[in-house]
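Just protein_26.cif here, mmCIF, C-alpha atoms:
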data_upload
loop_
_atom_site.label_atom_id
_atom_site.label_comp_id
_atom_site.auth_asym_id
_atom_site.auth_seq_id
_atom_site.Cartn_x
_atom_site.Cartn_y
_atom_site.Cartn_z
CA MET F 186 34.71 -69.42 15.42
CA LYS F 187 32.56 -70.25 18.44
CA ASN F 188 28.81 -69.84 17.77
CA ARG F 189 29.41 -68.76 14.17
CA ASN F 190 27.11 -69.86 11.36
CA LEU F 191 28.52 -71.44 8.22
CA ILE F 192 26.05 -70.69 5.45
CA SER F 193 28.23 -69.67 2.51
CA ILE F 194 31.91 -70.12 1.75
CA ALA F 195 32.26 -66.34 1.93
CA ASP F 196 31.32 -66.40 5.65
CA PHE F 197 34.84 -67.51 6.58
CA ASN F 198 38.12 -65.86 5.59
CA LYS F 199 41.36 -67.47 4.46
CA GLU F 200 42.83 -67.75 7.97
CA GLU F 201 39.63 -69.40 9.18
CA TYR F 202 39.66 -72.00 6.37
CA LEU F 203 43.25 -72.83 7.27
CA LYS F 204 42.32 -73.20 10.92
CA VAL F 205 39.50 -75.63 10.03
CA LEU F 206 41.86 -77.62 7.80
CA SER F 207 44.65 -77.89 10.35
CA LEU F 208 42.24 -79.08 13.04
CA ALA F 209 40.85 -81.61 10.52
CA GLU F 210 44.42 -82.97 10.17
CA GLU F 211 44.45 -83.52 13.91
CA PHE F 212 41.17 -85.44 13.69
CA GLU F 213 42.54 -87.56 10.88
CA LYS F 214 45.40 -88.66 13.13
CA ASN F 215 43.10 -89.21 16.08
CA PRO F 216 39.50 -89.56 14.84
CA VAL F 217 37.74 -90.61 18.04
CA GLN F 218 37.78 -87.73 20.51
CA LYS F 219 34.71 -87.64 22.73
CA ILE F 220 34.89 -83.91 23.35
CA ALA F 221 31.22 -83.22 22.55
CA GLU F 222 29.65 -85.56 25.07
CA GLY F 223 26.37 -84.11 26.33
CA LYS F 224 25.97 -81.98 23.19
CA VAL F 225 23.04 -82.49 20.81
CA VAL F 226 23.44 -82.04 17.05
CA ALA F 227 20.19 -81.51 15.13
CA SER F 228 20.48 -83.05 11.68
CA LEU F 229 17.63 -81.63 9.60
CA PHE F 230 17.53 -83.05 6.08
CA PHE F 231 14.49 -81.62 4.30
CA GLU F 232 15.64 -83.50 1.21
CA PRO F 233 17.40 -86.84 1.06
CA SER F 234 21.19 -87.09 0.93
CA THR F 235 23.48 -90.05 1.49
CA ARG F 236 27.03 -88.79 1.78
CA THR F 237 26.52 -85.46 3.45
CA ARG F 238 24.09 -86.68 6.10
CA LEU F 239 26.02 -89.82 6.99
CA SER F 240 29.30 -87.94 7.01
CA PHE F 241 27.93 -85.28 9.42
CA GLU F 242 26.33 -87.90 11.64
CA SER F 243 29.49 -89.97 11.64
CA ALA F 244 31.49 -86.86 12.59
CA ALA F 245 29.08 -86.04 15.44
CA ASN F 246 29.21 -89.64 16.70
CA ARG F 247 32.99 -89.69 16.77
CA LEU F 248 32.89 -86.52 18.86
CA GLY F 249 30.55 -88.22 21.31
CA ALA F 250 27.57 -85.97 20.54
CA LYS F 251 24.00 -87.24 20.26
CA ILE F 252 22.03 -86.70 17.05
CA VAL F 253 18.37 -85.78 16.72
CA GLY F 254 16.60 -85.01 13.47
CA PHE F 255 15.09 -86.41 10.31
CA ALA F 256 16.34 -87.71 6.98
CA ASP F 257 13.59 -86.32 4.75
CA SER F 258 10.83 -83.76 5.14
CA ALA F 259 8.07 -86.40 4.94
CA SER F 260 8.99 -87.45 8.48
CA SER F 261 8.97 -83.88 9.84
CA SER F 262 6.17 -81.41 10.61
CA THR F 263 6.94 -79.72 7.27
CA SER F 264 4.62 -82.35 5.80
CA LYS F 265 1.84 -80.89 7.99
CA GLY F 266 2.53 -77.46 6.54
CA GLU F 267 4.78 -76.05 9.27
CA SER F 268 6.96 -73.18 8.09
CA LEU F 269 10.75 -73.49 8.07
CA VAL F 270 11.02 -70.61 10.54
CA ASP F 271 8.76 -72.38 13.05
CA THR F 272 10.58 -75.70 12.64
CA ILE F 273 13.94 -74.05 13.26
CA LYS F 274 12.75 -72.08 16.31
CA THR F 275 11.42 -75.32 17.80
CA VAL F 276 14.51 -77.39 17.06
CA CYS F 277 16.67 -74.75 18.78
CA CYS F 278 14.98 -75.75 22.05
CA TYR F 279 16.31 -79.28 21.68
CA SER F 280 19.83 -78.86 20.30
CA ASP F 281 23.19 -77.09 20.54
CA ILE F 282 23.87 -76.84 16.81
CA ILE F 283 21.83 -77.35 13.63
CA VAL F 284 23.05 -79.02 10.44
CA MET F 285 20.50 -78.56 7.66
CA ARG F 286 19.89 -79.38 4.03
CA HIS F 287 16.90 -77.88 2.26
CA PRO F 288 15.81 -77.83 -1.40
CA LEU F 289 15.10 -74.07 -1.43
CA GLU F 290 17.86 -71.53 -2.01
CA GLY F 291 18.53 -69.12 0.84
CA SER F 292 16.78 -71.39 3.37
CA ALA F 293 19.92 -71.84 5.48
CA ARG F 294 20.52 -68.09 5.67
CA LEU F 295 16.93 -67.57 6.80
CA ALA F 296 17.28 -70.37 9.38
CA SER F 297 20.46 -68.80 10.78
CA GLU F 298 18.62 -65.50 11.27
CA VAL F 299 15.89 -67.01 13.43
CA ALA F 300 17.96 -69.70 15.19
CA THR F 301 19.35 -69.23 18.69
CA VAL F 302 22.01 -71.91 18.05
CA PRO F 303 24.59 -71.93 15.23
CA VAL F 304 23.56 -73.30 11.83
CA ILE F 305 25.76 -75.21 9.36
CA ASN F 306 24.45 -75.26 5.80
CA ALA F 307 24.65 -78.77 4.35
CA GLY F 308 23.30 -77.60 0.99
CA ASP F 309 20.50 -75.17 0.10
CA GLY F 310 19.24 -76.06 -3.38
CA ALA F 311 21.65 -74.99 -6.09
CA ASN F 312 23.03 -72.20 -3.93
CA GLN F 313 25.77 -73.15 -1.43
CA HIS F 314 27.35 -76.25 0.09
CA PRO F 315 30.28 -74.85 2.08
CA THR F 316 31.35 -78.02 3.90
CA GLN F 317 31.83 -79.78 0.55
CA CYS F 318 34.12 -76.92 -0.40
CA MET F 319 36.06 -77.27 2.86
CA LEU F 320 36.62 -80.97 2.27
CA ASP F 321 37.70 -80.25 -1.31
CA LEU F 322 40.27 -77.78 0.04
CA TYR F 323 41.38 -80.35 2.59
CA SER F 324 41.83 -82.99 -0.12
CA ILE F 325 43.87 -80.60 -2.27
CA LYS F 326 46.10 -79.59 0.65
CA LYS F 327 46.57 -83.18 1.78
CA THR F 328 47.53 -84.52 -1.64
CA GLN F 329 49.63 -81.57 -2.82
CA GLY F 330 51.11 -80.52 0.51
CA THR F 331 49.89 -76.94 -0.02
CA LEU F 332 46.99 -74.88 -1.34
CA ASP F 333 49.27 -72.27 -2.90
CA ASN F 334 50.07 -71.96 -6.62
CA ILE F 335 48.04 -75.02 -7.66
CA HIS F 336 47.03 -75.66 -11.28
CA ILE F 337 43.48 -76.99 -11.11
CA ALA F 338 41.28 -78.26 -13.93
CA LEU F 339 37.54 -77.93 -13.34
CA VAL F 340 35.70 -80.25 -15.70
CA GLY F 341 32.06 -80.79 -16.63
CA ASP F 342 29.06 -78.67 -15.77
CA LEU F 343 30.70 -75.43 -14.72
CA LYS F 344 27.53 -73.41 -15.24
CA TYR F 345 25.23 -75.01 -12.67
CA GLY F 346 27.67 -76.92 -10.44
CA ARG F 347 27.52 -75.25 -7.02
CA THR F 348 30.58 -77.15 -5.76
CA VAL F 349 32.60 -75.73 -8.64
CA HIS F 350 31.45 -72.19 -7.90
CA SER F 351 32.36 -72.38 -4.22
CA LEU F 352 35.70 -74.02 -4.96
CA VAL F 353 36.64 -71.31 -7.46
CA GLU F 354 35.74 -68.62 -4.92
CA ALA F 355 37.78 -70.28 -2.16
CA MET F 356 40.80 -71.14 -4.34
CA CYS F 357 41.06 -67.52 -5.50
CA ASN F 358 42.72 -66.90 -2.11
CA PHE F 359 45.68 -69.13 -3.00
CA ASN F 360 47.14 -67.86 -6.30
CA THR F 361 45.54 -70.70 -8.25
CA THR F 362 45.73 -71.15 -12.03
CA PHE F 363 42.37 -72.34 -13.36
CA HIS F 364 41.90 -74.66 -16.36
CA LEU F 365 38.19 -74.62 -17.16
CA VAL F 366 36.94 -77.54 -19.26
CA SER F 367 33.29 -77.63 -20.28
CA PRO F 368 30.91 -77.71 -23.24
CA VAL F 369 30.47 -74.14 -24.51
CA SER F 370 26.89 -74.10 -23.23
CA LEU F 371 28.00 -75.00 -19.69
CA LYS F 372 30.84 -72.50 -19.26
CA LEU F 373 31.63 -70.94 -15.90
CA PRO F 374 29.21 -68.00 -15.39
CA SER F 375 30.64 -64.48 -15.43
CA SER F 376 29.46 -63.91 -11.86
CA VAL F 377 31.91 -66.62 -10.74
CA LYS F 378 34.68 -65.72 -13.20
CA MET F 379 34.52 -62.26 -11.63
CA HIS F 380 36.32 -63.66 -8.53
CA ILE F 381 39.24 -64.89 -10.70
CA LYS F 382 39.46 -61.56 -12.50
CA GLU F 383 39.33 -59.53 -9.28
CA LYS F 384 42.44 -61.31 -8.04
CA ASN F 385 44.17 -61.06 -11.46
CA LEU F 386 44.63 -64.82 -11.61
CA THR F 387 45.22 -66.77 -14.82
CA TYR F 388 42.56 -68.99 -16.35
CA TYR F 389 42.27 -71.00 -19.54
CA GLN F 390 39.14 -72.38 -21.17
CA TYR F 391 38.90 -75.66 -23.09
CA THR F 392 36.20 -77.97 -24.41
CA GLU F 393 38.20 -81.22 -24.23
CA ILE F 394 39.76 -82.83 -21.15
CA GLN F 395 42.90 -83.93 -23.03
CA ASP F 396 43.88 -80.31 -23.66
CA ALA F 397 44.21 -79.61 -19.94
CA ILE F 398 44.86 -82.90 -18.16
CA ASP F 399 48.66 -83.05 -18.53
CA LYS F 400 49.14 -79.54 -17.11
CA VAL F 401 47.36 -79.80 -13.79
CA ASP F 402 47.90 -80.86 -10.17
CA ILE F 403 44.21 -81.42 -9.48
CA LEU F 404 41.45 -82.52 -11.85
CA TYR F 405 38.06 -81.74 -10.34
CA ILE F 406 35.35 -83.35 -12.41
CA THR F 407 31.56 -82.97 -12.13
CA ARG F 408 28.65 -84.54 -13.92
CA VAL F 409 27.12 -83.10 -17.10
CA GLN F 410 23.41 -83.60 -16.54
CA ARG F 411 21.17 -84.40 -19.48
CA GLU F 412 18.33 -82.35 -18.02
CA ARG F 413 20.40 -79.15 -18.37
CA PHE F 414 20.06 -79.32 -22.16
CA LEU F 415 17.05 -78.01 -24.03
CA ASP F 416 18.07 -79.91 -27.14
CA ILE F 417 18.91 -83.58 -26.73
CA GLN F 418 21.18 -83.45 -29.80
CA ASP F 419 23.31 -80.81 -28.07
CA TYR F 420 23.67 -83.17 -25.16
CA GLU F 421 24.64 -86.10 -27.38
CA ARG F 422 27.25 -83.94 -29.08
CA VAL F 423 29.00 -82.81 -25.91
CA LYS F 424 28.37 -85.61 -23.44
CA ASN F 425 31.62 -87.43 -24.17
CA SER F 426 33.86 -84.36 -24.18
CA CYS F 427 33.94 -84.29 -20.40
CA ILE F 428 34.29 -88.01 -19.69
CA LEU F 429 37.50 -89.21 -18.14
CA ASP F 430 38.95 -92.51 -19.28
CA LYS F 431 42.29 -94.11 -18.38
CA SER F 432 43.45 -93.77 -22.00
CA LEU F 433 43.59 -89.96 -21.52
CA MET F 434 45.99 -90.30 -18.58
CA ASN F 435 49.22 -91.45 -20.24
CA ASN F 436 51.11 -88.20 -19.68
CA VAL F 437 49.59 -86.80 -16.51
CA LYS F 438 51.72 -85.58 -13.60
CA LYS F 439 52.54 -88.38 -11.16
CA SER F 440 51.30 -86.30 -8.25
CA MET F 441 48.06 -85.32 -10.00
CA LYS F 442 44.86 -86.28 -8.17
CA ILE F 443 41.32 -86.64 -9.48
CA LEU F 444 38.54 -85.27 -7.27
CA HIS F 445 34.79 -85.61 -7.71
CA PRO F 446 32.06 -84.47 -5.28
CA LEU F 447 30.14 -87.73 -6.03
CA PRO F 448 27.79 -89.31 -6.93
CA ARG F 449 29.33 -90.04 -10.31
CA VAL F 450 27.38 -91.55 -13.15
CA ASN F 451 29.53 -92.16 -16.21
CA GLU F 452 31.89 -89.18 -16.22
CA ILE F 453 34.77 -91.18 -14.70
CA HIS F 454 35.21 -94.59 -16.27
CA SER F 455 35.68 -97.34 -13.68
CA ASN F 456 39.07 -98.15 -15.25
CA VAL F 457 40.32 -94.90 -13.65
CA ASP F 458 39.48 -96.13 -10.12
CA SER F 459 42.62 -98.27 -9.83
CA THR F 460 45.04 -95.55 -11.00
CA PRO F 461 47.19 -93.78 -8.39
CA GLN F 462 45.51 -90.52 -9.42
CA ALA F 463 42.00 -91.59 -8.36
CA TYR F 464 41.21 -89.88 -5.08
CA TYR F 465 37.42 -89.43 -4.98
CA PHE F 466 36.66 -92.05 -2.34
CA GLN F 467 39.37 -90.83 0.04
CA GLN F 468 37.97 -87.36 -0.62
CA ALA F 469 34.62 -88.53 0.80
CA GLN F 470 36.46 -89.95 3.83
CA ASN F 471 38.09 -86.55 4.40
CA GLY F 472 34.61 -85.07 4.77
CA VAL F 473 34.27 -86.66 8.20
CA TYR F 474 37.45 -85.06 9.58
CA VAL F 475 36.54 -81.66 8.18
CA ARG F 476 33.05 -81.88 9.69
CA GLN F 477 34.47 -82.98 13.06
CA SER F 478 36.71 -79.94 12.91
CA LEU F 479 33.85 -77.57 12.04
CA ILE F 480 31.45 -78.91 14.67
CA SER F 481 34.06 -78.70 17.42
CA LEU F 482 35.21 -75.19 16.45
CA ILE F 483 31.67 -73.86 16.23
CA LEU F 484 30.69 -75.46 19.54
CA GLY F 485 33.80 -73.88 21.07
CA LEU F 486 35.29 -77.23 22.06
CA LYS F 487 38.67 -76.66 20.36
CA MET T 17 11.08 -11.26 -21.12
CA SER T 18 8.13 -13.59 -21.71
CA LYS T 19 7.27 -15.99 -18.93
CA LYS T 20 7.79 -19.64 -19.87
CA GLU T 21 4.48 -21.43 -20.10
CA LEU T 22 4.05 -24.54 -17.98
CA ILE T 23 2.61 -27.41 -20.01
CA VAL T 24 1.73 -29.27 -16.82
CA SER T 25 0.24 -26.76 -14.40
CA ALA T 26 1.81 -25.92 -11.07
CA ILE T 27 0.50 -27.38 -7.83
CA GLU T 28 0.07 -25.51 -4.58
CA ASN T 29 1.25 -28.21 -2.18
CA GLY T 30 2.61 -31.67 -2.86
CA THR T 31 5.29 -33.47 -4.84
CA VAL T 32 6.63 -33.17 -8.37
CA ILE T 33 8.50 -36.12 -9.87
CA ASP T 34 10.48 -34.62 -12.73
CA HIS T 35 12.96 -36.03 -15.28
CA ILE T 36 11.33 -39.42 -15.59
CA THR T 37 12.35 -41.00 -18.89
CA SER T 38 9.21 -40.97 -21.09
CA ASP T 39 8.97 -44.75 -21.38
CA LYS T 40 8.88 -45.16 -17.59
CA LEU T 41 5.96 -42.84 -16.81
CA PHE T 42 3.24 -45.45 -16.59
CA GLN T 43 5.45 -47.82 -14.64
CA VAL T 44 6.06 -45.11 -12.03
CA ILE T 45 2.31 -44.48 -11.82
CA LYS T 46 1.74 -48.18 -11.33
CA ILE T 47 4.35 -48.86 -8.65
CA LEU T 48 3.21 -45.86 -6.63
CA ASN T 49 -0.36 -47.13 -6.97
CA LEU T 50 -1.48 -43.72 -8.23
CA GLU T 51 -4.43 -45.32 -10.05
CA ASN T 52 -6.07 -45.64 -6.63
CA CYS T 53 -4.96 -42.26 -5.31
CA THR T 54 -7.82 -39.76 -4.94
CA ASN T 55 -5.59 -36.66 -4.82
CA GLN T 56 -5.41 -34.36 -7.82
CA ILE T 57 -2.70 -35.72 -10.16
CA LEU T 58 -1.31 -34.01 -13.27
CA PHE T 59 1.09 -35.67 -15.64
CA GLY T 60 2.69 -35.20 -19.01
CA THR T 61 5.00 -37.24 -21.17
CA ASN T 62 7.13 -36.82 -24.30
CA LEU T 63 7.92 -33.29 -23.13
CA ASN T 64 11.08 -31.58 -24.31
CA SER T 65 14.02 -31.92 -21.96
CA SER T 66 17.51 -30.54 -22.35
CA LYS T 67 18.77 -33.31 -20.04
CA LEU T 68 16.96 -36.37 -21.45
CA GLY T 69 15.68 -35.38 -24.91
CA THR T 70 12.15 -36.19 -23.90
CA LYS T 71 10.87 -36.66 -20.40
CA ALA T 72 7.80 -37.28 -18.32
CA ILE T 73 6.62 -35.43 -15.22
CA ILE T 74 4.06 -36.19 -12.50
CA LYS T 75 2.60 -33.65 -10.05
CA ILE T 76 0.58 -34.87 -7.10
CA GLN T 77 -1.37 -32.46 -4.96
CA ASN T 78 -1.07 -32.80 -1.14
CA LYS T 79 1.12 -35.87 -1.21
CA TYR T 80 4.62 -36.39 0.18
CA PHE T 81 6.29 -39.77 -0.32
CA GLU T 82 7.73 -42.15 2.26
CA ARG T 83 11.29 -43.46 1.97
CA TYR T 84 10.21 -46.89 0.66
CA GLU T 85 8.13 -45.22 -2.05
CA ILE T 86 11.07 -43.02 -3.04
CA ASN T 87 13.25 -46.16 -3.30
CA LYS T 88 10.67 -47.68 -5.64
CA ILE T 89 10.85 -44.64 -7.89
CA ALA T 90 14.65 -44.81 -7.82
CA ILE T 91 14.57 -48.40 -9.08
CA VAL T 92 12.23 -47.68 -12.00
CA ALA T 93 13.33 -44.15 -12.87
CA PRO T 94 16.85 -43.52 -11.54
CA THR T 95 17.11 -40.26 -13.51
CA ALA T 96 14.14 -38.69 -11.72
CA THR T 97 14.25 -35.58 -9.54
CA LEU T 98 11.90 -35.26 -6.59
CA ILE T 99 10.63 -31.79 -5.72
CA LYS T 100 8.56 -30.96 -2.64
CA ILE T 101 6.24 -27.99 -3.03
CA ALA T 102 4.52 -25.87 -0.35
CA SER T 103 2.50 -22.76 -1.22
CA TYR T 104 3.76 -22.95 -4.83
CA GLU T 105 7.38 -22.73 -3.59
CA VAL T 106 10.07 -25.41 -3.86
CA ILE T 107 10.96 -26.47 -0.33
CA GLU T 108 13.18 -29.43 -1.17
CA LYS T 109 14.65 -30.86 -4.37
CA PHE T 110 16.83 -33.89 -4.74
CA ASN T 111 18.06 -36.53 -7.19
CA LEU T 112 17.19 -40.09 -6.42
CA ASN T 113 19.81 -42.41 -5.02
CA LEU T 114 19.28 -46.03 -4.20
CA PRO T 115 20.63 -47.04 -0.81
CA HIS T 116 23.17 -49.88 -0.65
CA GLU T 117 20.44 -52.20 0.62
CA ILE T 118 16.71 -52.29 -0.03
CA GLU T 119 14.03 -54.13 1.88
CA GLY T 120 10.42 -55.05 1.19
CA ILE T 121 10.09 -53.50 -2.27
CA VAL T 122 11.15 -56.01 -4.88
CA LYS T 123 10.37 -59.69 -5.25
CA CYS T 124 13.24 -62.12 -5.88
CA PHE T 125 12.86 -63.51 -9.41
CA ASN T 126 14.19 -66.95 -8.43
CA PRO T 127 11.21 -69.31 -8.02
CA LYS T 128 13.37 -71.58 -5.84
CA CYS T 129 14.28 -68.77 -3.44
CA ILE T 130 13.03 -69.33 0.12
CA THR T 131 11.52 -65.81 0.15
CA ASN T 132 8.96 -66.93 -2.45
CA HIS T 133 7.82 -69.77 -0.15
CA GLU T 134 7.99 -68.40 3.41
CA GLN T 135 6.71 -65.16 4.89
CA VAL T 136 9.96 -63.25 5.07
CA MET T 137 11.02 -59.68 4.30
CA GLN T 138 12.76 -59.56 0.91
CA LYS T 139 16.21 -57.99 1.16
CA PHE T 140 18.66 -57.08 -1.59
CA THR T 141 22.10 -55.60 -1.95
CA VAL T 142 22.21 -53.04 -4.76
CA LEU T 143 25.19 -54.09 -6.90
CA ASP T 144 24.57 -51.58 -9.67
CA ALA T 145 21.85 -48.93 -9.39
CA ASN T 146 22.07 -47.73 -12.98
CA GLN T 147 21.55 -51.08 -14.69
CA ILE T 148 19.49 -52.51 -11.81
CA LYS T 149 21.38 -55.44 -10.37
CA LEU T 150 19.87 -56.49 -7.06
CA GLN T 151 21.45 -59.44 -5.28
CA CYS T 152 19.09 -61.39 -3.04
CA HIS T 153 20.30 -61.54 0.55
CA TYR T 154 18.99 -65.11 0.82
CA CYS T 155 19.55 -67.02 -2.44
CA GLN T 156 22.25 -64.65 -3.80
CA LYS T 157 20.71 -64.66 -7.28
CA ILE T 158 20.71 -61.35 -9.12
CA THR T 159 17.39 -59.77 -10.11
CA LYS T 160 17.77 -57.49 -13.14
CA GLU T 161 15.48 -55.03 -14.86
CA GLU T 162 13.96 -57.66 -17.17
CA THR T 163 13.07 -59.91 -14.22
CA LEU T 164 12.00 -57.12 -11.88
CA ASN T 165 8.70 -57.44 -10.02
CA PHE T 166 7.47 -55.27 -7.19
CA LEU T 167 5.82 -56.65 -4.09
#

Please, can you express the file's structure as structure tokens?
Amino acid sequence: MKNRNLISIADFNKEEYLKVLSLAEEFEKNPVQKIAEGKVVASLFFEPSTRTRLSFESAANRLGAKIVGFADSASSSTSKGESLVDTIKTVCCYSDIIVMRHPLEGSARLASEVATVPVINAGDGANQHPTQCMLDLYSIKKTQGTLDNIHIALVGDLKYGRTVHSLVEAMCNFNTTFHLVSPVSLKLPSSVKMHIKEKNLTYYQYTEIQDAIDKVDILYITRVQRERFLDIQDYERVKNSCILDKSLMNNVKKSMKILHPLPRVNEIHSNVDSTPQAYYFQQAQNGVYVRQSLISLILGLK
Amino acid sequence: MSKKELIVSAIENGTVIDHITSDKLFQVIKILNLENCTNQILFGTNLNSSKLGTKAIIKIQNKYFERYEINKIAIVAPTATLIKIASYEVIEKFNLNLPHEIEGIVKCFNPKCITNHEQVMQKFTVLDANQIKLQCHYCQKITKEETLNFL
């Protein structure tokens, strides 16, 4: 994987995901390995982010690399009107690898085409966020012992949620059964469902969490955003159908885990946090190991 | 045997675009920028066609099209046939086929796509040529006929 770009989840194949995950396991056991000393990671965040940026920078630090970059475009030359292409060409002179987040879709792909160092996409608008998907896979594998034959419920905004789309695409490699829970107006788009159908996998669709929750190994929940609704009454009608509360969890599998890409607002009640199924904060922790793994594989250090 | 009368007269040298569906005639004229072309141009529409029911046809004197122009025609009028004429004779005739990838013809419909903000060549993968489904190489969104705009 040396010098490869990671722009979209489709850029890596199944064997490559598994390689990233198994190296991440190694980093979890031994997180501080200064194998990237002397390397410079450019961390270019053209829009603000808490988790993703800190997680990447933490990963780079634990590898012993130095970080240059900016945390929002106001503190870069973009605010003077510099084009993305020019910024990227310049940053390549100062770094060995670029991690970037940008509000426009396709920006990371464009950057990778003009960059002379590898680019990792840390989110390009509503398009792709492949390292989130990798850490979701890692969390599933770690909690279930395998990625194969999992029953997964995807809950919330399945129409616009980019993490859901990438996860569906990646999990289609592992004989997954999908339980799709969303308001009718936020169903999984046919362009994503196509991946499930191509592999002849089974999927079910529901509008209420309680219809799926007892059947699954993983419950992956995302936020239903008010601004997605044209009619506020529609929002009021559906907003509670995808909210998880402890009272819905009486008959869930013991080994079931709840994942959420975070930040959450009200879709997981805080009374769920203390249940053995709650896993969303450990999931965020896993992001560091996965990003250590990716940076070291792409820099050719492992 | 009586000779079949041509409703749109023959040209000596140039290109005939035949079998355009009638409703697409003016769109083809527009995308090829024929309004600003000073060559002699003949066209007809709502003509009888055994293949299409009714069809349109354009004949342009002394003009042969480049590949990118032919791709434009293929997007708007995939049923069309292109015929090259020299000295009133057909020298080449072919149906239009869209290549698997097209560049620099169509604009991505997604306002949040990077290609609508930076100077970059627009590139698409043709997912379905008949219904027009063009997937943007950058943002991956699919531009369809109803959202189609030419550069």

message: Which residues are close to Asn126 of chain T, i.e. within 9 Å by only C-alpha atoms, leaving aside same-chain residues fewer than 2 positions away? Reply as a PyMOL selection string.
response: (chain F and resi 290) or (chain T and resi 123-124+128-130+132+155+157-159)

- prompt: Written as a ChimeraX atom specification, what is the full residue list that the PyMOL selection byres ((chain F) within 7 of (chain T)) yields on the file shown?
  reply: /F:268,289-292,294-295,312

- request: Excluding segment 140-145 of chain T and any residue of its chain fewer than 5 positions from it, enumerate the residues within 7 Å of it, using only C-alpha atoms, and give them as an MDAnalysis selection string.
  value: chainID T and resid 114 116:119 150:153

Only C-alpha atoms, please: the residues just picked out, written as a PDB file, in the frame of the given file.
ATOM      1  CA  LEU T 114      19.280 -46.030  -4.200  1.00  0.00           C
ATOM      2  CA  HIS T 116      23.170 -49.880  -0.650  1.00  0.00           C
ATOM      3  CA  GLU T 117      20.440 -52.200   0.620  1.00  0.00           C
ATOM      4  CA  ILE T 118      16.710 -52.290  -0.030  1.00  0.00           C
ATOM      5  CA  GLU T 119      14.030 -54.130   1.880  1.00  0.00           C
ATOM      6  CA  LEU T 150      19.870 -56.490  -7.060  1.00  0.00           C
ATOM      7  CA  GLN T 151      21.450 -59.440  -5.280  1.00  0.00           C
ATOM      8  CA  CYS T 152      19.090 -61.390  -3.040  1.00  0.00           C
ATOM      9  CA  HIS T 153      20.300 -61.540   0.550  1.00  0.00           C
TER      10      HIS T 153
END

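Put simply, atom CA of Ile73 of chain T is 5.5 Å away from atom CA of Gly60 of chain T.
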
- prompt: Written as a ChimeraX atom specification, what is the full residue list that the PyMOL selection byres ((chain T and resi 105) around 12) yields on the file shown?
  reply: /T:26-32,99-104,106-109

Can you spit out the residues from that selection as a PDB file, in the frame of the given file, using C-alpha atoms?
ATOM      1  CA  ALA T  26       1.810 -25.920 -11.070  1.00  0.00           C
ATOM      2  CA  ILE T  27       0.500 -27.380  -7.830  1.00  0.00           C
ATOM      3  CA  GLU T  28       0.070 -25.510  -4.580  1.00  0.00           C
ATOM      4  CA  ASN T  29       1.250 -28.210  -2.180  1.00  0.00           C
ATOM      5  CA  GLY T  30       2.610 -31.670  -2.860  1.00  0.00           C
ATOM      6  CA  THR T  31       5.290 -33.470  -4.840  1.00  0.00           C
ATOM      7  CA  VAL T  32       6.630 -33.170  -8.370  1.00  0.00           C
ATOM      8  CA  ILE T  99      10.630 -31.790  -5.720  1.00  0.00           C
ATOM      9  CA  LYS T 100       8.560 -30.960  -2.640  1.00  0.00           C
ATOM     10  CA  ILE T 101       6.240 -27.990  -3.030  1.00  0.00           C
ATOM     11  CA  ALA T 102       4.520 -25.870  -0.350  1.00  0.00           C
ATOM     12  CA  SER T 103       2.500 -22.760  -1.220  1.00  0.00           C
ATOM     13  CA  TYR T 104       3.760 -22.950  -4.830  1.00  0.00           C
ATOM     14  CA  VAL T 106      10.070 -25.410  -3.860  1.00  0.00           C
ATOM     15  CA  ILE T 107      10.960 -26.470  -0.330  1.00  0.00           C
ATOM     16  CA  GLU T 108      13.180 -29.430  -1.170  1.00  0.00           C
ATOM     17  CA  LYS T 109      14.650 -30.860  -4.370  1.00  0.00           C
TER      18      LYS T 109
END

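Here the PyMOL selection byres ((chain F and resi 188-203) around 7) catches exactly these residues: Met186, Lys187, Lys204, Val205, Leu206, Ser207, Ala293, Arg294, Ser297, Pro303, Val304, Ile305, Asn306, Gln313, Pro315, Ser351, Asn358, Ile483 and Leu484 of chain F.
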
Residue list as JSON, numbers by chain for point (44.2, -78.4, -21.2), cut-off 12 Å, only C-alpha atoms: {"F": [336, 337, 338, 339, 340, 362, 363, 364, 365, 366, 367, 388, 389, 390, 391, 392, 393, 394, 395, 396, 397, 398, 399, 400, 401, 402, 404, 427, 433, 437]}

Generate the output file for the selected residues, C-alpha atoms, as a compact mmCIF listing (two decimals), keeping the file's coordinate frame.
# COMPACT_ATOMS: atom_id res chain seq x y z
CA HIS F 336 47.03 -75.66 -11.28
CA ILE F 337 43.48 -76.99 -11.11
CA ALA F 338 41.28 -78.26 -13.93
CA LEU F 339 37.54 -77.93 -13.34
CA VAL F 340 35.70 -80.25 -15.70
CA THR F 362 45.73 -71.15 -12.03
CA PHE F 363 42.37 -72.34 -13.36
CA HIS F 364 41.90 -74.66 -16.36
CA LEU F 365 38.19 -74.62 -17.16
CA VAL F 366 36.94 -77.54 -19.26
CA SER F 367 33.29 -77.63 -20.28
CA TYR F 388 42.56 -68.99 -16.35
CA TYR F 389 42.27 -71.00 -19.54
CA GLN F 390 39.14 -72.38 -21.17
CA TYR F 391 38.90 -75.66 -23.09
CA THR F 392 36.20 -77.97 -24.41
CA GLU F 393 38.20 -81.22 -24.23
CA ILE F 394 39.76 -82.83 -21.15
CA GLN F 395 42.90 -83.93 -23.03
CA ASP F 396 43.88 -80.31 -23.66
CA ALA F 397 44.21 -79.61 -19.94
CA ILE F 398 44.86 -82.90 -18.16
CA ASP F 399 48.66 -83.05 -18.53
CA LYS F 400 49.14 -79.54 -17.11
CA VAL F 401 47.36 -79.80 -13.79
CA ASP F 402 47.90 -80.86 -10.17
CA LEU F 404 41.45 -82.52 -11.85
CA CYS F 427 33.94 -84.29 -20.40
CA LEU F 433 43.59 -89.96 -21.52
CA VAL F 437 49.59 -86.80 -16.51
